[in-house]
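Structure data (mmCIF, C-alpha atoms and all ligand atoms) from input_4.cif:
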data_final
#
loop_
_atom_site.group_PDB
_atom_site.id
_atom_site.type_symbol
_atom_site.label_atom_id
_atom_site.label_comp_id
_atom_site.auth_asym_id
_atom_site.auth_seq_id
_atom_site.Cartn_x
_atom_site.Cartn_y
_atom_site.Cartn_z
ATOM 1 C CA MET N 34 0.000 0.000 0.000
ATOM 2 C CA LEU N 35 2.819 2.376 0.960
ATOM 3 C CA GLU N 36 6.268 1.943 -0.545
ATOM 4 C CA VAL N 37 9.104 4.257 0.397
ATOM 5 C CA ARG N 38 12.392 3.825 -1.442
ATOM 6 C CA GLN N 39 15.734 5.448 -0.701
ATOM 7 C CA LEU N 40 14.110 8.528 0.762
ATOM 8 C CA ASP N 41 16.239 11.547 1.646
ATOM 9 C CA ALA N 42 14.537 14.447 3.408
ATOM 10 C CA GLY N 43 15.318 17.371 5.677
ATOM 11 C CA TYR N 44 15.144 21.097 6.161
ATOM 12 C CA GLY N 45 17.182 23.496 4.027
ATOM 13 C CA ASP N 46 20.779 22.327 4.189
ATOM 14 C CA VAL N 47 20.090 19.910 7.015
ATOM 15 C CA GLN N 48 19.500 16.392 5.796
ATOM 16 C CA VAL N 49 17.601 14.299 8.349
ATOM 17 C CA LEU N 50 16.505 11.121 6.511
ATOM 18 C CA ARG N 51 19.092 9.141 4.565
ATOM 19 C CA GLY N 52 18.081 6.416 2.180
ATOM 20 C CA VAL N 53 15.013 5.332 4.139
ATOM 21 C CA SER N 54 13.063 2.438 2.611
ATOM 22 C CA LEU N 55 9.957 0.907 4.103
ATOM 23 C CA ASP N 56 6.784 -0.909 3.134
ATOM 24 C CA VAL N 57 3.343 -0.998 4.655
ATOM 25 C CA ALA N 58 0.968 -3.627 3.276
ATOM 26 C CA GLU N 59 -2.801 -3.277 3.344
ATOM 27 C CA GLY N 60 -4.217 -4.294 6.727
ATOM 28 C CA GLU N 61 -0.947 -4.088 8.631
ATOM 29 C CA ILE N 62 0.001 -2.168 11.750
ATOM 30 C CA VAL N 63 3.613 -1.096 11.240
ATOM 31 C CA SER N 64 5.669 0.763 13.818
ATOM 32 C CA MET N 65 8.737 2.905 13.180
ATOM 33 C CA VAL N 66 10.566 3.319 16.465
ATOM 34 C CA GLY N 67 13.453 5.569 17.299
ATOM 35 C CA ALA N 68 14.904 7.943 19.860
ATOM 36 C CA ASN N 69 14.369 11.679 20.112
ATOM 37 C CA GLY N 70 15.500 13.392 16.951
ATOM 38 C CA ALA N 71 15.926 10.178 14.941
ATOM 39 C CA GLY N 72 13.732 11.644 12.196
ATOM 40 C CA LYS N 73 10.366 10.030 12.860
ATOM 41 C CA THR N 74 8.315 13.200 12.516
ATOM 42 C CA THR N 75 10.282 14.147 9.413
ATOM 43 C CA LEU N 76 9.327 10.792 7.874
ATOM 44 C CA ILE N 77 5.626 11.315 8.599
ATOM 45 C CA ARG N 78 5.766 14.843 7.169
ATOM 46 C CA THR N 79 7.443 13.691 3.993
ATOM 47 C CA VAL N 80 5.036 10.798 3.421
ATOM 48 C CA MET N 81 2.028 13.048 4.020
ATOM 49 C CA GLY N 82 3.369 15.746 1.720
ATOM 50 C CA THR N 83 3.879 18.609 4.166
ATOM 51 C CA LEU N 84 7.612 18.316 3.491
ATOM 52 C CA ALA N 85 9.015 17.730 -0.006
ATOM 53 C CA PRO N 86 11.478 14.844 -0.369
ATOM 54 C CA MET N 87 15.063 15.652 -1.376
ATOM 55 C CA ALA N 88 15.450 12.336 -3.193
ATOM 56 C CA GLY N 89 13.858 8.910 -3.410
ATOM 57 C CA GLU N 90 10.406 7.644 -4.189
ATOM 58 C CA ILE N 91 7.134 7.347 -2.291
ATOM 59 C CA ARG N 92 4.222 5.323 -3.683
ATOM 60 C CA PHE N 93 0.774 5.088 -2.163
ATOM 61 C CA LEU N 94 -1.758 2.675 -3.665
ATOM 62 C CA GLY N 95 0.543 2.371 -6.654
ATOM 63 C CA GLU N 96 0.714 6.119 -7.344
ATOM 64 C CA ARG N 97 3.872 8.175 -7.030
ATOM 65 C CA ILE N 98 3.072 10.768 -4.384
ATOM 66 C CA GLY N 99 6.531 12.167 -3.585
ATOM 67 C CA GLY N 100 6.349 15.960 -3.905
ATOM 68 C CA ARG N 101 2.563 16.142 -4.119
ATOM 69 C CA ALA N 102 0.649 18.488 -1.838
ATOM 70 C CA ALA N 103 -0.777 17.131 1.407
ATOM 71 C CA HIS N 104 -4.406 17.792 0.432
ATOM 72 C CA GLN N 105 -3.950 15.754 -2.761
ATOM 73 C CA ILE N 106 -2.445 12.882 -0.818
ATOM 74 C CA ALA N 107 -5.251 13.110 1.751
ATOM 75 C CA ARG N 108 -7.772 12.751 -1.060
ATOM 76 C CA LEU N 109 -6.171 9.453 -2.050
ATOM 77 C CA GLY N 110 -7.011 8.116 1.416
ATOM 78 C CA MET N 111 -4.207 9.012 3.784
ATOM 79 C CA ALA N 112 -4.791 10.782 7.101
ATOM 80 C CA GLN N 113 -2.336 11.856 9.738
ATOM 81 C CA VAL N 114 -2.521 12.576 13.424
ATOM 82 C CA MET N 115 0.283 14.973 14.209
ATOM 83 C CA GLU N 116 2.324 15.192 17.340
ATOM 84 C CA GLY N 117 0.841 18.240 19.089
ATOM 85 C CA ARG N 118 -2.552 17.276 17.687
ATOM 86 C CA ARG N 119 -3.621 20.608 16.122
ATOM 87 C CA LEU N 120 -7.256 20.701 17.126
ATOM 88 C CA PHE N 121 -9.677 23.556 16.719
ATOM 89 C CA GLY N 122 -9.628 24.545 20.393
ATOM 90 C CA HIS N 123 -12.474 27.048 20.186
ATOM 91 C CA MET N 124 -14.774 24.392 18.717
ATOM 92 C CA GLY N 125 -16.638 21.611 20.472
ATOM 93 C CA VAL N 126 -15.886 17.919 20.109
ATOM 94 C CA GLU N 127 -18.593 17.205 17.615
ATOM 95 C CA ASP N 128 -17.699 20.191 15.443
ATOM 96 C CA ASN N 129 -14.063 19.070 15.382
ATOM 97 C CA LEU N 130 -15.169 15.628 14.262
ATOM 98 C CA ARG N 131 -17.525 17.037 11.645
ATOM 99 C CA VAL N 132 -14.652 18.963 10.048
ATOM 100 C CA GLY N 133 -13.110 15.563 9.334
ATOM 101 C CA GLY N 134 -16.430 14.169 8.098
ATOM 102 C CA ASP N 135 -17.102 17.140 5.803
ATOM 103 C CA LEU N 136 -14.063 16.233 3.735
ATOM 104 C CA LEU N 137 -15.869 13.037 2.740
ATOM 105 C CA ARG N 138 -18.762 14.816 1.028
ATOM 106 C CA ASP N 139 -20.908 11.821 1.932
ATOM 107 C CA ALA N 140 -23.346 12.664 4.721
ATOM 108 C CA ARG N 141 -24.389 9.086 5.390
ATOM 109 C CA ARG N 142 -20.860 7.825 5.681
ATOM 110 C CA ALA N 143 -19.942 10.784 7.892
ATOM 111 C CA ARG N 144 -22.831 9.923 10.249
ATOM 112 C CA ASP N 145 -21.788 6.300 10.296
ATOM 113 C CA ASN N 146 -18.173 7.262 11.050
ATOM 114 C CA LEU N 147 -19.301 9.605 13.832
ATOM 115 C CA GLU N 148 -21.217 6.807 15.539
ATOM 116 C CA TRP N 149 -18.218 4.514 15.185
ATOM 117 C CA VAL N 150 -15.798 7.115 16.603
ATOM 118 C CA TYR N 151 -18.135 7.591 19.578
ATOM 119 C CA THR N 152 -18.235 3.822 20.103
ATOM 120 C CA LEU N 153 -14.450 3.686 19.915
ATOM 121 C CA PHE N 154 -14.007 6.624 22.312
ATOM 122 C CA PRO N 155 -17.085 6.827 24.568
ATOM 123 C CA ARG N 156 -15.411 9.648 26.457
ATOM 124 C CA LEU N 157 -15.744 11.852 23.372
ATOM 125 C CA LYS N 158 -19.452 11.165 23.246
ATOM 126 C CA GLU N 159 -19.858 12.069 26.914
ATOM 127 C CA ARG N 160 -18.088 15.370 26.236
ATOM 128 C CA ARG N 161 -19.488 16.071 22.805
ATOM 129 C CA GLN N 162 -20.423 19.700 23.583
ATOM 130 C CA GLN N 163 -17.232 20.552 25.434
ATOM 131 C CA LEU N 164 -14.626 22.843 23.852
ATOM 132 C CA ALA N 165 -11.524 21.004 22.651
ATOM 133 C CA LYS N 166 -9.175 23.456 24.379
ATOM 134 C CA SER N 167 -10.491 22.379 27.804
ATOM 135 C CA PHE N 168 -9.566 18.753 27.127
ATOM 136 C CA SER N 169 -6.830 16.790 28.876
ATOM 137 C CA GLY N 170 -3.897 15.627 26.752
ATOM 138 C CA GLY N 171 -5.359 12.133 26.411
ATOM 139 C CA GLU N 172 -8.762 13.416 25.396
ATOM 140 C CA GLN N 173 -7.166 15.686 22.811
ATOM 141 C CA GLN N 174 -5.287 12.735 21.392
ATOM 142 C CA MET N 175 -8.541 10.746 21.157
ATOM 143 C CA LEU N 176 -10.209 13.668 19.414
ATOM 144 C CA ALA N 177 -7.323 14.099 16.974
ATOM 145 C CA ILE N 178 -7.455 10.401 16.109
ATOM 146 C CA GLY N 179 -11.247 10.553 15.858
ATOM 147 C CA ARG N 180 -11.075 13.484 13.473
ATOM 148 C CA ALA N 181 -8.629 11.654 11.224
ATOM 149 C CA LEU N 182 -10.856 8.553 11.279
ATOM 150 C CA MET N 183 -13.851 10.647 10.219
ATOM 151 C CA THR N 184 -12.275 10.977 6.773
ATOM 152 C CA SER N 185 -12.480 7.180 6.174
ATOM 153 C CA PRO N 186 -8.752 6.858 5.516
ATOM 154 C CA ARG N 187 -7.198 3.767 3.958
ATOM 155 C CA LEU N 188 -3.923 4.549 5.738
ATOM 156 C CA LEU N 189 -3.659 6.277 9.110
ATOM 157 C CA LEU N 190 -0.331 7.876 10.073
ATOM 158 C CA LEU N 191 0.134 8.340 13.803
ATOM 159 C CA ASP N 192 2.930 10.565 15.054
ATOM 160 C CA GLU N 193 3.886 9.598 18.614
ATOM 161 C CA PRO N 194 0.420 9.037 20.029
ATOM 162 C CA SER N 195 1.944 8.428 23.489
ATOM 163 C CA ILE N 196 3.750 11.747 23.776
ATOM 164 C CA GLY N 197 2.979 13.714 26.922
ATOM 165 C CA LEU N 198 0.292 11.331 28.125
ATOM 166 C CA ALA N 199 -0.179 9.581 31.439
ATOM 167 C CA PRO N 200 0.585 5.830 31.207
ATOM 168 C CA ILE N 201 -3.054 4.852 31.685
ATOM 169 C CA MET N 202 -4.050 7.077 28.742
ATOM 170 C CA VAL N 203 -1.290 5.637 26.576
ATOM 171 C CA LYS N 204 -2.599 2.154 27.280
ATOM 172 C CA ASP N 205 -6.142 3.252 26.507
ATOM 173 C CA ILE N 206 -5.149 4.721 23.146
ATOM 174 C CA PHE N 207 -2.941 1.833 22.051
ATOM 175 C CA GLU N 208 -5.707 -0.624 22.844
ATOM 176 C CA LYS N 209 -7.843 1.054 20.173
ATOM 177 C CA LEU N 210 -5.382 0.242 17.407
ATOM 178 C CA PRO N 211 -6.654 -3.327 16.803
ATOM 179 C CA GLN N 212 -10.216 -1.985 16.574
ATOM 180 C CA ILE N 213 -9.183 0.651 14.048
ATOM 181 C CA SER N 214 -7.343 -2.003 12.093
ATOM 182 C CA ALA N 215 -10.408 -4.288 12.204
ATOM 183 C CA ARG N 216 -12.360 -1.604 10.355
ATOM 184 C CA GLY N 217 -9.999 -2.077 7.426
ATOM 185 C CA ILE N 218 -7.723 0.872 8.157
ATOM 186 C CA THR N 219 -3.987 0.292 7.734
ATOM 187 C CA ILE N 220 -1.768 1.942 10.352
ATOM 188 C CA LEU N 221 1.761 3.332 10.273
ATOM 189 C CA LEU N 222 2.860 4.764 13.576
ATOM 190 C CA VAL N 223 6.094 6.344 14.696
ATOM 191 C CA GLU N 224 6.926 6.061 18.372
ATOM 192 C CA GLN N 225 9.523 6.456 21.089
ATOM 193 C CA ASP N 226 7.654 3.967 23.253
ATOM 194 C CA VAL N 227 9.437 1.022 21.680
ATOM 195 C CA HIS N 228 7.978 -1.766 23.755
ATOM 196 C CA ARG N 229 4.358 -0.741 23.589
ATOM 197 C CA SER N 230 4.278 0.202 19.927
ATOM 198 C CA LEU N 231 6.027 -2.988 18.791
ATOM 199 C CA SER N 232 3.651 -5.001 20.991
ATOM 200 C CA PHE N 233 0.728 -3.701 18.942
ATOM 201 C CA ALA N 234 2.407 -3.913 15.522
ATOM 202 C CA GLN N 235 2.994 -6.827 13.175
ATOM 203 C CA ARG N 236 6.219 -5.393 11.794
ATOM 204 C CA GLY N 237 8.633 -2.744 12.802
ATOM 205 C CA TYR N 238 11.555 -0.569 11.750
ATOM 206 C CA VAL N 239 14.189 1.037 13.931
ATOM 207 C CA LEU N 240 15.270 4.507 12.830
ATOM 208 C CA GLU N 241 18.649 5.739 14.035
ATOM 209 C CA HIS N 242 20.084 9.096 12.970
ATOM 210 C CA GLY N 243 17.792 9.194 9.963
ATOM 211 C CA GLU N 244 18.621 5.687 8.727
ATOM 212 C CA VAL N 245 16.816 2.380 9.053
ATOM 213 C CA ALA N 246 19.032 0.380 11.405
ATOM 214 C CA MET N 247 16.825 -2.696 11.789
ATOM 215 C CA ALA N 248 13.623 -4.082 10.314
ATOM 216 C CA GLY N 249 11.544 -7.193 10.787
ATOM 217 C CA PRO N 250 8.581 -8.825 12.473
ATOM 218 C CA ALA N 251 7.725 -6.901 15.655
ATOM 219 C CA ALA N 252 8.147 -9.997 17.844
ATOM 220 C CA ALA N 253 11.656 -10.609 16.471
ATOM 221 C CA LEU N 254 12.659 -6.995 17.102
ATOM 222 C CA LEU N 255 11.324 -7.148 20.655
ATOM 223 C CA ALA N 256 13.377 -10.272 21.265
ATOM 224 C CA ASP N 257 16.564 -8.788 19.771
ATOM 225 C CA GLU N 258 19.361 -8.407 22.314
ATOM 226 C CA GLY N 259 20.813 -5.245 20.780
ATOM 227 C CA LEU N 260 17.462 -3.505 20.595
ATOM 228 C CA ARG N 261 16.585 -4.529 24.134
ATOM 229 C CA ARG N 262 19.830 -3.119 25.416
ATOM 230 C CA ALA N 263 19.597 0.122 23.420
ATOM 231 C CA TYR N 264 15.906 0.910 23.879
ATOM 232 C CA LEU N 265 14.454 -1.148 26.667
ATOM 233 C CA GLY N 266 17.205 -0.894 29.229
ATOM 234 C CA VAL N 267 17.560 -4.663 29.670
HETATM 235 P P1 LIG N 301 11.058 13.515 18.436
HETATM 236 O O1 LIG N 301 10.792 12.173 18.996
HETATM 237 O O2 LIG N 301 11.875 14.377 19.355
HETATM 238 O O3 LIG N 301 9.875 14.207 17.874
HETATM 239 P P2 LIG N 301 11.825 12.710 15.787
HETATM 240 O O4 LIG N 301 12.416 11.365 15.645
HETATM 241 O O5 LIG N 301 10.396 12.875 15.409
HETATM 242 O O6 LIG N 301 12.078 13.253 17.234
HETATM 243 P P3 LIG N 301 12.330 14.835 13.944
HETATM 244 O O7 LIG N 301 11.330 15.750 14.569
HETATM 245 O O8 LIG N 301 12.013 14.246 12.648
HETATM 246 O O9 LIG N 301 12.735 13.672 14.951
HETATM 247 O O10 LIG N 301 13.681 15.640 13.876
HETATM 248 C C1 LIG N 301 14.860 15.132 13.303
HETATM 249 C C2 LIG N 301 15.915 16.234 13.218
HETATM 250 O O11 LIG N 301 15.460 17.280 12.358
HETATM 251 C C3 LIG N 301 16.238 16.905 14.548
HETATM 252 O O12 LIG N 301 17.625 17.060 14.624
HETATM 253 C C4 LIG N 301 15.544 18.232 14.478
HETATM 254 O O13 LIG N 301 16.228 19.214 15.200
HETATM 255 C C5 LIG N 301 15.544 18.534 12.998
HETATM 256 N N1 LIG N 301 14.382 19.359 12.608
HETATM 257 C C6 LIG N 301 13.075 19.053 12.827
HETATM 258 N N2 LIG N 301 12.264 20.010 12.345
HETATM 259 C C7 LIG N 301 13.075 20.942 11.798
HETATM 260 C C8 LIG N 301 12.844 22.186 11.118
HETATM 261 N N3 LIG N 301 11.606 22.645 10.890
HETATM 262 N N4 LIG N 301 13.918 22.863 10.690
HETATM 263 C C9 LIG N 301 15.181 22.405 10.903
HETATM 264 N N5 LIG N 301 15.453 21.240 11.522
HETATM 265 C C10 LIG N 301 14.428 20.513 11.973
#
With the file now loaded, output its structure as structure tokens.
Amino acid sequence: MLEVRQLDAGYGDVQVLRGVSLDVAEGEIVSMVGANGAGKTTLIRTVMGTLAPMAGEIRFLGERIGGRAAHQIARLGMAQVMEGRRLFGHMGVEDNLRVGGDLLRDARRARDNLEWVYTLFPRLKERRQQLAKSFSGGEQQMLAIGRALMTSPRLLLLDEPSIGLAPIMVKDIFEKLPQISARGITILLVEQDVHRSLSFAQRGYVLEHGEVAMAGPAAALLADEGLRRAYLGV
């Protein structure tokens, strides 16, 4: 579904990603793990089109998307949940979700998605009239994910869903991933929480200083001595 080949990307003269290649097949949950500053956010930005690649190729559903604008890529069925979440704070929960649904231009599907998002995150339904800016970090993350899901994406990109959240909230959010996947949505997430994100993924990649250092089935990565020593402190 997503094929990234030999991708270089960065900012001005600063190259962050070097020759990154990765694949995400339809139906998979794939996790890209790495430390602070490894280039995870830069990867998400480049795939989604908010940052132009310096070199390499990105294909989504067979189409070359490298260098295309984010709104064009979104229309093909990709949605992202950014680190920092970027909600409309002055708007209520339901209005935030409807912004996502409006992009569909299919009222019935939008209604169906709204019901599903409320089933997935009952807390959002309880607080449907509340302003987003008064939300806790975990609730904002749920709302940001909900808004992305409202667009019926084929591929959901999640940028560090655990960041800044209490452990109980992190657990709550990760436990939704199998349910999202069961609705036929493919997931690529980037994370610093190596153990948890690989536990929920089928396959994983380790990004170090902008390069893919390791790749393989998530269970094999979790069992790898080197990875355990470097990232899990064991
Ligand atoms: P974190 O977990 O801290 O978010 P990350 O793996 O997502 O880290 P990136 O945000 O992709 O890493 O950053 C990779 C490198 O690119 C860092 O050295 C960072 O300082 C640099 N960088 C990020 N954004 C910019 C920018 N807008 N301009 C210049 N350099 C940037």
Taking only C-alpha atoms and all ligand atoms into account, report as a PyMOL selection string which residues have an atom no farther than 10 Å from an atom of ligand LIG 301 (chain N).
chain N and resi 42-50+65-79+84+116-117+192-193+196+223-226+240-243
Using all atoms listed in the file, pick whichever of N:Arg38, N:Arg262, N:Arg144, N:Arg51 has the shortest atom-to-atom distance to Gly99 in chain N.
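Using all atoms listed in the file, Gly99 in chain N sits closest to N:Arg38.
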Select, from N:Ala253, N:Leu176, N:Leu189, N:Leu109, the residue with the minimum atom-to-atom distance to Val57 in chain N, counting all atoms listed in the file.
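Smallest distance to Val57 in chain N is found for N:Leu189.
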Which residue, N:Ala246, N:Met111, N:Ile98, N:Val126, has the smallest gap to Leu164 in chain N when you use all atoms listed in the file?
N:Val126
Name the residues that the PyMOL selection byres (((chain N and resi 194) around 12) and not hetatm) pulls out of this structure, and write them as a VMD selection string.
chain N and resid 64 74 113 to 118 170 to 178 189 to 193 195 to 200 202 to 210 221 to 226 229 to 230
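For the pair CA of Tyr264 in chain N and CA of His228 in chain N, the interatomic distance is 8.4 Å.
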What does the distance from CA of Leu153 in chain N to CA of Gln212 in chain N come to in Å, to one decimal?
7.8 Å
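Note that the spacing between CA of Arg142 in chain N and CA of Gly217 in chain N amounts to 14.8 Å.
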Have a look at N:Arg138, N:Glu148, N:Arg187, N:Leu40 and name the one nearest to Ile106 in chain N; count all atoms listed in the file.
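Closest to Ile106 in chain N of all the choices is N:Arg187.
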Expand the PyMOL selection byres (((chain N and resi 146) around 10) and not hetatm) into the explicit residue set it covers here, and present it as a PDB file with C-alpha atoms, in the coordinates of the input.
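Listing of selection-v3.pdb after writing:
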ATOM      1  CA  LEU N 130     -15.169  15.628  14.262  1.00  0.00           C
ATOM      2  CA  ARG N 131     -17.525  17.037  11.645  1.00  0.00           C
ATOM      3  CA  GLY N 133     -13.110  15.563   9.334  1.00  0.00           C
ATOM      4  CA  GLY N 134     -16.430  14.169   8.098  1.00  0.00           C
ATOM      5  CA  ALA N 140     -23.346  12.664   4.721  1.00  0.00           C
ATOM      6  CA  ARG N 141     -24.389   9.086   5.390  1.00  0.00           C
ATOM      7  CA  ARG N 142     -20.860   7.825   5.681  1.00  0.00           C
ATOM      8  CA  ALA N 143     -19.942  10.784   7.892  1.00  0.00           C
ATOM      9  CA  ARG N 144     -22.831   9.923  10.249  1.00  0.00           C
ATOM     10  CA  ASP N 145     -21.788   6.300  10.296  1.00  0.00           C
ATOM     11  CA  LEU N 147     -19.301   9.605  13.832  1.00  0.00           C
ATOM     12  CA  GLU N 148     -21.217   6.807  15.539  1.00  0.00           C
ATOM     13  CA  TRP N 149     -18.218   4.514  15.185  1.00  0.00           C
ATOM     14  CA  VAL N 150     -15.798   7.115  16.603  1.00  0.00           C
ATOM     15  CA  TYR N 151     -18.135   7.591  19.578  1.00  0.00           C
ATOM     16  CA  THR N 152     -18.235   3.822  20.103  1.00  0.00           C
ATOM     17  CA  GLY N 179     -11.247  10.553  15.858  1.00  0.00           C
ATOM     18  CA  ARG N 180     -11.075  13.484  13.473  1.00  0.00           C
ATOM     19  CA  LEU N 182     -10.856   8.553  11.279  1.00  0.00           C
ATOM     20  CA  MET N 183     -13.851  10.647  10.219  1.00  0.00           C
ATOM     21  CA  THR N 184     -12.275  10.977   6.773  1.00  0.00           C
ATOM     22  CA  SER N 185     -12.480   7.180   6.174  1.00  0.00           C
TER      23      SER N 185
END
Selected by the PyMOL selection byres (((chain N and resi 60) around 9) and not hetatm) in the shown coordinates: which residues, as a list in words?
Val57, Ala58, Glu59, Glu61, Ile62, Leu188, Ser214, Ala215, Gly217, Ile218, Thr219 and Ile220 of chain N
Arg92 in chain N proximity check over N:Val267, N:Met124, N:Val37, N:Leu55, using all atoms listed in the file: winner is N:Val37
Where is the centre and how long are the edges: axis-aligned box on range 231-242 of chain N, 8 Å on each side, Å to one decimal, as lines of an AutoDock Vina configuration file:
center_x = 10.4
center_y = 1.1
center_z = 16.4
size_x = 35.4
size_y = 31.9
size_z = 25.2
Please provide as a ChimeraX atom specification all residues within 9 Å of Leu254 in chain N, with the sequence filter that same-chain residues fewer than 4 positions apart are discarded (counting all atoms listed in the file).
/N:231,236-239,247-250,258,260-261
Using only C-alpha atoms, can you tell me which of N:Ser169, N:Pro186, N:Gln235, N:Glu127 comes closest to Leu255 in chain N?
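That would be N:Gln235, the residue with the smallest distance to Leu255 in chain N.
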